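File shown: target_30.cif. Contents: mmCIF, C-alpha atoms.
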```cif
data_data
loop_
_atom_site.label_atom_id
_atom_site.label_comp_id
_atom_site.auth_asym_id
_atom_site.auth_seq_id
_atom_site.Cartn_x
_atom_site.Cartn_y
_atom_site.Cartn_z
CA MET A 1 -23.09 -13.51 -66.51
CA SER A 2 -22.15 -14.39 -62.97
CA GLY A 3 -18.59 -13.94 -61.78
CA SER A 4 -16.27 -15.88 -59.56
CA SER A 5 -13.92 -15.29 -56.68
CA GLN A 6 -10.48 -16.62 -55.96
CA LEU A 7 -10.12 -17.99 -52.45
CA VAL A 8 -7.10 -19.12 -50.52
CA LEU A 9 -7.72 -22.14 -48.31
CA PHE A 10 -5.84 -22.47 -45.06
CA GLN A 11 -5.83 -24.75 -42.07
CA LEU A 12 -5.94 -23.48 -38.53
CA GLY A 13 -6.10 -26.14 -35.87
CA ALA A 14 -8.40 -28.89 -37.05
CA ARG A 15 -10.41 -26.71 -39.41
CA VAL A 16 -10.14 -25.43 -42.95
CA PHE A 17 -11.11 -21.84 -43.70
CA ALA A 18 -11.18 -19.72 -46.82
CA ALA A 19 -10.31 -16.08 -47.43
CA LYS A 20 -10.32 -13.83 -50.45
CA ALA A 21 -6.99 -14.31 -52.19
CA ALA A 22 -6.89 -10.56 -52.88
CA ASP A 23 -6.62 -9.96 -49.13
CA VAL A 24 -3.38 -11.95 -48.90
CA ARG A 25 -0.21 -10.12 -49.93
CA ARG A 26 1.94 -13.21 -49.69
CA ILE A 27 2.51 -16.33 -47.68
CA ALA A 28 5.16 -16.09 -44.99
CA THR A 29 7.36 -19.10 -44.56
CA SER A 30 10.41 -17.81 -42.69
CA LEU A 31 10.45 -18.26 -38.96
CA LEU A 32 11.71 -14.68 -38.47
CA GLU A 33 8.90 -13.10 -40.44
CA ARG A 34 6.29 -15.19 -38.72
CA ALA A 35 7.67 -14.39 -35.27
CA GLU A 36 7.93 -10.62 -35.77
CA ASP A 37 4.39 -9.61 -36.58
CA GLY A 38 2.52 -12.84 -36.16
CA VAL A 39 -0.97 -12.95 -34.75
CA PHE A 40 -1.18 -16.27 -32.94
CA GLU A 41 -4.54 -16.04 -31.18
CA SER A 42 -7.62 -14.93 -33.08
CA ALA A 43 -11.36 -15.50 -33.13
CA LEU A 44 -10.64 -18.67 -35.10
CA GLY A 45 -8.48 -20.07 -32.30
CA SER A 46 -4.76 -20.82 -32.36
CA PRO A 47 -2.69 -22.91 -34.74
CA TRP A 48 -1.28 -26.17 -33.42
CA ASP A 49 1.96 -25.86 -35.35
CA PRO A 50 2.27 -22.44 -37.05
CA ARG A 51 4.36 -23.34 -40.07
CA ARG A 52 2.93 -20.66 -42.35
CA GLY A 53 1.64 -17.13 -42.14
CA LEU A 54 -0.86 -15.19 -44.24
CA VAL A 55 0.48 -11.67 -44.72
CA VAL A 56 -2.24 -9.04 -44.84
CA GLU A 57 -2.30 -5.27 -44.71
CA VAL A 58 -3.86 -3.65 -41.67
CA ALA A 59 -3.82 0.16 -41.40
CA GLY A 60 -0.93 0.39 -43.83
CA GLU A 61 1.13 -2.17 -41.96
CA GLU A 62 1.88 -5.74 -42.89
CA ARG A 63 0.65 -8.23 -40.32
CA VAL A 64 0.82 -11.99 -40.32
CA LEU A 65 -1.88 -14.44 -39.27
CA LEU A 66 -0.13 -17.60 -38.16
CA VAL A 67 -1.71 -20.76 -39.53
CA ASP A 68 -0.91 -24.45 -39.63
CA GLY A 69 -0.85 -24.65 -43.39
CA VAL A 70 -1.90 -23.11 -46.68
CA LEU A 71 -3.80 -25.63 -48.78
CA GLY A 72 -4.03 -23.77 -52.07
CA LEU A 73 -6.27 -21.59 -54.20
CA ARG A 74 -9.80 -22.25 -55.41
CA VAL A 75 -11.87 -20.31 -57.90
CA VAL A 76 -15.46 -20.36 -56.68
CA PRO A 77 -18.50 -19.18 -58.65
CA ASP A 78 -20.23 -16.31 -56.90
CA ALA A 79 -23.36 -18.45 -56.83
CA ASP A 80 -21.56 -20.72 -54.36
CA LEU A 81 -20.85 -17.86 -51.97
CA CYS A 82 -23.33 -16.70 -49.38
CA GLY A 83 -23.35 -14.46 -46.34
CA LEU A 84 -23.80 -15.37 -42.71
CA PRO A 85 -27.40 -15.76 -41.57
CA ALA A 86 -28.52 -12.49 -40.00
CA PHE A 87 -29.06 -14.01 -36.58
CA ALA A 88 -25.58 -15.55 -36.50
CA ARG A 89 -24.01 -12.29 -37.65
CA GLU A 90 -25.66 -10.44 -34.80
CA VAL A 91 -24.72 -12.78 -31.97
CA LEU A 92 -21.12 -13.54 -32.96
CA PRO A 93 -18.50 -11.51 -31.11
CA THR A 94 -16.32 -11.17 -34.22
CA SER A 95 -16.95 -9.29 -37.46
CA ALA A 96 -14.39 -11.37 -39.31
CA LEU A 97 -16.72 -14.10 -40.52
CA ARG A 98 -17.72 -12.99 -44.00
CA GLY A 99 -19.90 -15.92 -44.98
CA PHE A 100 -19.61 -19.31 -46.60
CA ALA A 101 -18.28 -20.86 -49.75
CA MET A 102 -19.77 -24.16 -50.82
CA LEU A 103 -16.69 -26.25 -51.49
CA ASP A 104 -17.33 -29.86 -52.45
CA GLU A 105 -20.82 -29.48 -50.92
CA VAL A 106 -19.37 -28.40 -47.58
CA ALA A 107 -20.10 -24.93 -46.21
CA THR A 108 -16.62 -23.53 -45.59
CA LEU A 109 -16.29 -20.32 -43.62
CA VAL A 110 -14.92 -17.36 -45.57
CA ILE A 111 -12.87 -15.10 -43.33
CA ASP A 112 -12.27 -11.38 -43.64
CA LEU A 113 -8.54 -11.62 -42.91
CA PRO A 114 -7.73 -7.94 -42.33
CA THR A 115 -10.60 -7.68 -39.83
CA LEU A 116 -9.59 -10.92 -38.13
CA VAL A 117 -5.99 -9.81 -37.77
CA LYS A 118 -7.01 -6.36 -36.60
CA GLU A 119 -9.24 -7.87 -33.93
CA GLY A 120 -6.38 -10.15 -32.85
CA LEU A 121 -3.81 -7.41 -32.47
CA PRO A 122 -3.08 -6.01 -29.05
CA ALA A 123 -3.87 -2.29 -29.02
CA GLN A 124 -0.21 -1.24 -28.88
CA ALA A 125 0.77 -3.48 -31.79
CA ALA A 126 -1.49 -1.63 -34.21
CA VAL A 127 0.95 1.30 -34.45
CA PRO A 128 4.14 1.13 -36.56
CA ARG A 129 7.27 0.12 -34.69
CA GLU A 130 10.22 2.30 -35.71
CA GLU A 131 12.82 -0.10 -34.36
CA ASN A 132 11.61 -2.82 -36.67
CA PRO A 133 14.00 -2.81 -39.68
CA ARG A 134 11.25 -4.14 -41.91
CA HIS A 135 9.42 -0.82 -41.49
CA ALA A 136 12.47 1.44 -41.84
CA MET B 1 -30.94 -3.34 -24.98
CA ALA B 2 -34.55 -3.55 -23.81
CA MET B 3 -36.09 -6.96 -24.06
CA LYS B 4 -39.20 -7.35 -26.16
CA GLN B 5 -42.14 -7.71 -23.87
CA GLU B 6 -44.86 -8.63 -26.30
CA ARG B 7 -45.72 -12.26 -26.78
CA GLY B 8 -44.69 -14.20 -29.84
CA SER B 9 -46.93 -14.37 -32.87
CA GLY B 10 -49.23 -17.33 -33.05
CA ALA B 11 -49.00 -17.94 -29.29
CA PRO B 12 -52.20 -18.42 -27.33
CA ASP B 13 -53.23 -16.18 -24.51
CA PRO B 14 -52.18 -18.03 -21.35
CA ALA B 15 -54.81 -16.37 -19.20
CA PRO B 16 -57.54 -18.67 -17.89
CA HIS B 17 -60.25 -18.73 -20.45
CA VAL B 18 -63.99 -18.98 -19.98
CA PRO B 19 -65.83 -19.69 -23.24
CA ALA B 20 -69.16 -18.08 -23.90
CA PRO B 21 -72.10 -20.46 -23.41
CA GLY B 22 -72.84 -22.44 -26.52
CA VAL B 23 -69.66 -21.32 -28.34
CA LEU B 24 -67.35 -24.04 -29.60
CA GLU B 25 -63.75 -23.21 -28.78
CA PRO B 26 -61.17 -24.28 -31.39
CA ASP B 27 -58.32 -26.44 -30.17
CA VAL B 28 -54.82 -25.00 -29.97
CA TRP B 29 -51.91 -26.57 -31.81
CA TYR B 30 -48.51 -26.70 -30.20
CA PHE B 31 -45.21 -28.17 -31.31
CA GLY B 32 -43.77 -30.42 -28.61
CA VAL B 33 -40.15 -31.22 -27.78
CA ARG B 34 -38.36 -33.01 -24.96
CA LEU B 35 -35.38 -31.77 -23.02
CA ALA B 36 -33.53 -33.37 -20.15
CA ASP B 37 -35.93 -32.29 -17.46
CA GLY B 38 -39.24 -32.48 -19.18
CA ARG B 39 -41.58 -31.62 -21.98
CA TYR B 40 -41.83 -28.26 -23.67
CA ALA B 41 -43.90 -26.83 -26.48
CA PHE B 42 -44.29 -23.67 -28.48
CA ALA B 43 -46.86 -22.34 -30.90
CA ALA B 44 -47.12 -24.75 -33.84
CA PRO B 45 -47.68 -22.03 -36.50
CA LEU B 46 -44.06 -20.94 -35.93
CA VAL B 47 -42.82 -24.23 -37.39
CA THR B 48 -42.51 -24.47 -41.15
CA GLU B 49 -41.01 -27.95 -41.34
CA VAL B 50 -39.05 -30.63 -39.50
CA VAL B 51 -35.85 -31.86 -41.11
CA ARG B 52 -32.90 -34.11 -40.39
CA LEU B 53 -29.97 -31.96 -39.41
CA GLY B 54 -27.29 -32.05 -42.10
CA PRO B 55 -23.57 -31.63 -41.52
CA LEU B 56 -23.07 -28.82 -39.04
CA THR B 57 -20.57 -26.05 -39.69
CA ARG B 58 -19.36 -24.77 -36.33
CA LEU B 59 -18.90 -21.04 -35.95
CA PRO B 60 -15.76 -19.92 -34.11
CA SER B 61 -16.41 -17.95 -30.91
CA ALA B 62 -20.15 -18.55 -31.15
CA PRO B 63 -22.26 -18.51 -27.99
CA ALA B 64 -23.12 -21.94 -26.61
CA PHE B 65 -26.74 -21.77 -27.77
CA LEU B 66 -25.56 -21.50 -31.39
CA PRO B 67 -23.74 -24.78 -32.12
CA GLY B 68 -23.43 -23.97 -35.81
CA VAL B 69 -25.20 -23.60 -39.10
CA PHE B 70 -26.38 -26.09 -41.66
CA THR B 71 -27.47 -25.95 -45.26
CA HIS B 72 -31.06 -26.73 -46.10
CA ARG B 73 -32.18 -26.50 -49.73
CA GLY B 74 -29.45 -23.98 -50.47
CA GLU B 75 -30.27 -21.82 -47.45
CA ILE B 76 -27.84 -21.55 -44.56
CA LEU B 77 -29.73 -21.67 -41.27
CA PRO B 78 -28.43 -21.02 -37.78
CA VAL B 79 -29.06 -23.91 -35.40
CA LEU B 80 -30.29 -22.97 -31.93
CA ASP B 81 -29.90 -25.38 -29.03
CA LEU B 82 -33.11 -25.24 -27.00
CA GLY B 83 -31.39 -27.07 -24.13
CA GLU B 84 -28.80 -24.32 -23.82
CA LEU B 85 -31.39 -21.58 -24.18
CA LEU B 86 -33.72 -22.93 -21.50
CA LEU B 87 -31.59 -25.02 -19.17
CA ARG B 88 -27.95 -24.15 -19.93
CA ARG B 89 -27.53 -27.80 -20.85
CA ALA B 90 -26.42 -28.62 -24.37
CA VAL B 91 -28.34 -31.06 -26.51
CA SER B 92 -26.15 -33.84 -27.87
CA LEU B 93 -26.28 -33.58 -31.64
CA ARG B 94 -26.02 -36.85 -33.53
CA PRO B 95 -26.29 -37.76 -37.19
CA GLY B 96 -29.98 -37.76 -37.93
CA THR B 97 -30.92 -35.37 -35.15
CA ARG B 98 -34.14 -33.67 -36.17
CA ALA B 99 -34.52 -29.93 -36.23
CA ALA B 100 -37.64 -27.78 -36.41
CA ILE B 101 -37.30 -24.87 -38.78
CA VAL B 102 -39.11 -21.95 -37.22
CA HIS B 103 -39.87 -18.35 -37.94
CA ALA B 104 -38.92 -16.53 -34.76
CA GLU B 105 -39.52 -13.13 -36.30
CA PRO B 106 -37.56 -11.64 -37.84
CA TRP B 107 -35.25 -14.64 -37.98
CA ARG B 108 -35.54 -18.02 -39.57
CA VAL B 109 -33.70 -20.57 -37.47
CA ALA B 110 -33.48 -24.31 -36.88
CA VAL B 111 -34.22 -25.43 -33.33
CA VAL B 112 -32.87 -28.66 -31.85
CA ALA B 113 -33.93 -30.49 -28.70
CA GLU B 114 -33.27 -33.94 -27.21
CA GLU B 115 -36.35 -35.27 -28.91
CA ILE B 116 -39.14 -33.93 -31.08
CA GLU B 117 -42.69 -34.90 -30.18
CA GLY B 118 -44.28 -32.99 -33.03
CA LEU B 119 -47.75 -31.53 -33.19
CA LEU B 120 -49.88 -31.54 -30.07
CA ARG B 121 -53.56 -30.72 -30.23
CA VAL B 122 -54.78 -29.19 -27.00
CA PRO B 123 -58.33 -28.21 -26.05
CA ARG B 124 -58.19 -24.57 -25.10
CA ARG B 125 -59.85 -25.23 -21.74
CA ARG B 126 -56.86 -27.33 -20.66
CA ILE B 127 -54.38 -24.51 -21.02
CA GLY B 128 -53.45 -23.26 -17.58
CA PRO B 129 -51.36 -20.42 -16.27
CA PRO B 130 -47.66 -21.07 -15.59
CA PRO B 131 -46.52 -21.84 -12.06
CA ALA B 132 -44.57 -19.16 -10.24
CA ALA B 133 -41.17 -20.86 -10.52
CA GLN B 134 -40.09 -23.04 -13.42
CA ALA B 135 -36.90 -23.78 -15.35
CA ALA B 136 -38.14 -21.85 -18.37
CA GLY B 137 -38.65 -18.83 -16.09
CA ASP B 138 -39.66 -15.64 -17.85
CA PHE B 139 -40.36 -17.42 -21.11
CA LEU B 140 -43.01 -19.75 -19.78
CA GLN B 141 -46.45 -18.86 -21.15
CA ALA B 142 -48.69 -21.66 -19.94
CA VAL B 143 -48.83 -25.22 -18.73
CA VAL B 144 -50.80 -27.96 -20.45
CA PRO B 145 -51.41 -31.22 -18.63
CA ASP B 146 -51.88 -34.39 -20.62
CA ASP B 147 -51.67 -38.14 -20.00
CA LEU B 148 -47.86 -38.09 -19.92
CA GLY B 149 -47.56 -35.13 -17.57
CA ASP B 150 -47.26 -31.39 -17.79
CA ILE B 151 -46.05 -29.59 -20.90
CA ALA B 152 -44.42 -26.21 -20.40
CA VAL B 153 -45.47 -23.83 -23.16
CA ILE B 154 -42.72 -21.33 -23.97
CA ASP B 155 -42.68 -18.09 -25.92
CA LEU B 156 -40.03 -19.11 -28.43
CA PRO B 157 -39.68 -15.78 -30.29
CA ARG B 158 -39.16 -13.99 -27.00
CA LEU B 159 -36.62 -16.61 -25.87
CA VAL B 160 -34.66 -16.19 -29.10
CA ALA B 161 -34.82 -12.40 -28.90
CA ALA B 162 -33.56 -12.47 -25.31
CA ALA B 163 -30.64 -14.74 -26.23
CA ARG B 164 -29.71 -12.38 -29.03
CA ALA B 165 -29.95 -9.38 -26.71
CA ARG B 166 -27.68 -11.10 -24.15
CA SER B 167 -25.11 -11.86 -26.85
CA ILE B 168 -24.86 -8.38 -28.25
CA ALA B 169 -24.90 -6.59 -24.88
CA PRO B 170 -21.58 -4.82 -24.23
#
```

Any chance you could put this one into structure tokens?
Amino acid sequence: MSGSSQLVLFQLGARVFAAKAADVRRIATSLLERAEDGVFESALGSPWDPRRGLVVEVAGEERVLLVDGVLGLRVVPDADLCGLPAFAREVLPTSALRGFAMLDEVATLVIDLPTLVKEGLPAQAAVPREENPRHA
Amino acid sequence: MAMKQERGSGAPDPAPHVPAPGVLEPDVWYFGVRLADGRYAFAAPLVTEVVRLGPLTRLPSAPAFLPGVFTHRGEILPVLDLGELLLRRAVSLRPGTRAAIVHAEPWRVAVVAEEIEGLLRVPRRRIGPPPAAQAAGDFLQAVVPDDLGDIAVIDLPRLVAAARARSIAP
């Protein structure tokens, strides 16, 4: 019997993306939390109006991908998930594009959030910051 | 990464050809397309089918020659812009734009151009060597004159491989 995956759908700029719900620890809504560890610029572009954040774990630290909105959860049969074509995977400069989910007959990009956030972090931001009370 | 030097599968030998006396030479089949500055063709056996391009899913941070992917019979195919690959000039994609699905070993991709001419049957004796300087540069295999002008024959697998190599170079 085939399985299914739970995806979280989010909007970034004009586009809707999906990510494995298991990769998201929680959704950040407070301005403070989003400002502290937020990744604004990523391979997906930048949000127009970052009202939400997807909190993920990167190297034992919580990091936040700033997004325009979180649209909800979808359970997708594994048969509706597929990987990136080999050629596209090889020529793309990011490793964060996991593949596609067919949602309402539209191929929606499934993002590897921890990889995306890791790629978007400046090198110095990848280490824990002792002065940050959230990490004390 | 070193660029592949061998010619693409199914491509004719561009060297001037002298048939043996009394031997019938088979015609060569090309697949013709049009771009802004002229007519191009590649080996017809590379093409498996021609389809209308469905809704395109753009890939973030993709190189310009890869405008996106589309779904064809449940398979997700990368779309390669021949205008970008050859001339650094993007093809304008519209609803109904036709794409040629090709096997550019080892990849299966959909190729778009300004216009698709389709199959061209060319007597082997009309295939000439490429001129020294041409827009298609290193990827030009031969030139075929016909009633509408010259057709530049390109080595599509080598063009695709070179674009890939450029993209993954550090």

Residue list for chain A near chain B as a list in words, 8 Å, all atoms listed in the file: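 Interface list for chain A against chain B: Ala43, Leu44, Gly45, Leu84, Pro85, Ala86, Phe87, Ala88, Glu90, Val91, Leu92, Pro93, Thr94, Ala107 and Thr108 of chain A.
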
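Comparing the minimum interatomic distances between Leu119 in chain B and each of B:Ala41, B:Val102, B:Val91, B:Leu148, counting only C-alpha atoms, we find that B:Ala41 sits nearest.
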
Close residues, Leu46 in chain B itself excluded, 6 Å, all atoms listed in the file, min 2 positions apart in chain, as a list in words: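 Listing them by chain and then by number gives Ala43, Ala44, Val102 and His103 of chain B.
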
May I have the residues from that selection written out with C-alpha atoms, as a PDB file, in the frame of the given file?
```
ATOM      1  CA  ALA B  43     -46.860 -22.340 -30.900  1.00  0.00           C
ATOM      2  CA  ALA B  44     -47.120 -24.750 -33.840  1.00  0.00           C
ATOM      3  CA  VAL B 102     -39.110 -21.950 -37.220  1.00  0.00           C
ATOM      4  CA  HIS B 103     -39.870 -18.350 -37.940  1.00  0.00           C
TER       5      HIS B 103
END
```

Point-to-point distance in Å for CA of Pro67 in chain B and CA of Asp81 in chain B: 6.9 Å

Taking every listed atom of range 96-100 of chain B and adding 8 Å to each side, what centre and edge lengths in Å (one decimal) does the axis-aligned box have, as JSON?
```
{"center_x": -33.8, "center_y": -32.8, "center_z": -36.5, "size_x": 23.7, "size_y": 26.0, "size_z": 18.8}
```

Between CA of Gly3 in chain A and CA of Phe17 in chain A, distance in Å (one decimal):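 Value for the CA of Gly3 in chain A-CA of Phe17 in chain A distance: 21.1 Å.
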
Test item: the PyMOL selection byres ((chain B and resi 118) around 8) resolved as a list in words: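 Applying the PyMOL selection byres ((chain B and resi 118) around 8) to the structure shown produces Phe31, Gly32, Val33, Ile116, Glu117, Leu119 and Leu120 of chain B.
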
Selection result for the PyMOL selection byres ((chain A and resi 25) around 8) on this file, as a PyMOL selection string: chain A and resi 22-24+26-27+54-57

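Among the candidates A:Val75, A:Arg89, A:Leu66, A:Thr115, the one nearest to Leu103 in chain A when counting only C-alpha atoms is A:Val75.
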
Point-to-point distance from CA of Arg52 in chain B to CA of Tyr40 in chain B, Å rounded to tenths: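 Between CA of Arg52 in chain B and CA of Tyr40 in chain B the gap is 19.8 Å.
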
Evaluate the PyMOL selection byres ((chain A and resi 67) around 6) and report residues as a ChimeraX atom specification: /A:12,47,50,52-53,66,68-69

Spatial neighbours of Ala101 in chain A, 12 Å, all atoms listed in the file, chain gap at least 2 places, as a ChimeraX atom specification: /A:4-9,16-20,74-84,97-99,103-111 /B:57,71,74,76

Can you write just those residues out, C-alpha atoms, as a PDB file, in the coordinates of the input?
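selection.pdb written:
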```pdb
ATOM      1  CA  SER A   4     -16.270 -15.880 -59.560  1.00  0.00           C
ATOM      2  CA  SER A   5     -13.920 -15.290 -56.680  1.00  0.00           C
ATOM      3  CA  GLN A   6     -10.480 -16.620 -55.960  1.00  0.00           C
ATOM      4  CA  LEU A   7     -10.120 -17.990 -52.450  1.00  0.00           C
ATOM      5  CA  VAL A   8      -7.100 -19.120 -50.520  1.00  0.00           C
ATOM      6  CA  LEU A   9      -7.720 -22.140 -48.310  1.00  0.00           C
ATOM      7  CA  VAL A  16     -10.140 -25.430 -42.950  1.00  0.00           C
ATOM      8  CA  PHE A  17     -11.110 -21.840 -43.700  1.00  0.00           C
ATOM      9  CA  ALA A  18     -11.180 -19.720 -46.820  1.00  0.00           C
ATOM     10  CA  ALA A  19     -10.310 -16.080 -47.430  1.00  0.00           C
ATOM     11  CA  LYS A  20     -10.320 -13.830 -50.450  1.00  0.00           C
ATOM     12  CA  ARG A  74      -9.800 -22.250 -55.410  1.00  0.00           C
ATOM     13  CA  VAL A  75     -11.870 -20.310 -57.900  1.00  0.00           C
ATOM     14  CA  VAL A  76     -15.460 -20.360 -56.680  1.00  0.00           C
ATOM     15  CA  PRO A  77     -18.500 -19.180 -58.650  1.00  0.00           C
ATOM     16  CA  ASP A  78     -20.230 -16.310 -56.900  1.00  0.00           C
ATOM     17  CA  ALA A  79     -23.360 -18.450 -56.830  1.00  0.00           C
ATOM     18  CA  ASP A  80     -21.560 -20.720 -54.360  1.00  0.00           C
ATOM     19  CA  LEU A  81     -20.850 -17.860 -51.970  1.00  0.00           C
ATOM     20  CA  CYS A  82     -23.330 -16.700 -49.380  1.00  0.00           C
ATOM     21  CA  GLY A  83     -23.350 -14.460 -46.340  1.00  0.00           C
ATOM     22  CA  LEU A  84     -23.800 -15.370 -42.710  1.00  0.00           C
ATOM     23  CA  LEU A  97     -16.720 -14.100 -40.520  1.00  0.00           C
ATOM     24  CA  ARG A  98     -17.720 -12.990 -44.000  1.00  0.00           C
ATOM     25  CA  GLY A  99     -19.900 -15.920 -44.980  1.00  0.00           C
ATOM     26  CA  LEU A 103     -16.690 -26.250 -51.490  1.00  0.00           C
ATOM     27  CA  ASP A 104     -17.330 -29.860 -52.450  1.00  0.00           C
ATOM     28  CA  GLU A 105     -20.820 -29.480 -50.920  1.00  0.00           C
ATOM     29  CA  VAL A 106     -19.370 -28.400 -47.580  1.00  0.00           C
ATOM     30  CA  ALA A 107     -20.100 -24.930 -46.210  1.00  0.00           C
ATOM     31  CA  THR A 108     -16.620 -23.530 -45.590  1.00  0.00           C
ATOM     32  CA  LEU A 109     -16.290 -20.320 -43.620  1.00  0.00           C
ATOM     33  CA  VAL A 110     -14.920 -17.360 -45.570  1.00  0.00           C
ATOM     34  CA  ILE A 111     -12.870 -15.100 -43.330  1.00  0.00           C
TER      35      ILE A 111
ATOM     36  CA  THR B  57     -20.570 -26.050 -39.690  1.00  0.00           C
ATOM     37  CA  THR B  71     -27.470 -25.950 -45.260  1.00  0.00           C
ATOM     38  CA  GLY B  74     -29.450 -23.980 -50.470  1.00  0.00           C
ATOM     39  CA  ILE B  76     -27.840 -21.550 -44.560  1.00  0.00           C
TER      40      ILE B  76
END
```

Selected residue of minimal separation from Arg15 in chain A among A:Ala28, A:Trp48, A:Ser95, A:Leu116, counting all atoms listed in the file: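 When distances to Arg15 in chain A are compared using all atoms listed in the file, the smallest one comes from A:Trp48.
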
Nearby residues (only C-alpha atoms) at most 12 Å from Asp146 in chain B, same-chain spacing under 6 positions excluded, as a ChimeraX atom specification: /B:39,120-123,126-128,152

Could you give me, as a short mmCIF file (atom, residue, chain, number, x, y, z; two decimals) with C-alpha atoms, in the coordinates of the input, the residues within 12 Å of Arg73 in chain B, counting all atoms listed in the file and dropping anything in the same chain fewer than 6 positions from it?
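And here is the file that came out, part.cif:
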```cif
data_model
loop_
_atom_site.label_atom_id
_atom_site.label_comp_id
_atom_site.auth_asym_id
_atom_site.auth_seq_id
_atom_site.Cartn_x
_atom_site.Cartn_y
_atom_site.Cartn_z
CA GLU A 105 -20.82 -29.48 -50.92
CA VAL B 51 -35.85 -31.86 -41.11
CA LEU B 53 -29.97 -31.96 -39.41
CA GLY B 54 -27.29 -32.05 -42.10
#
```
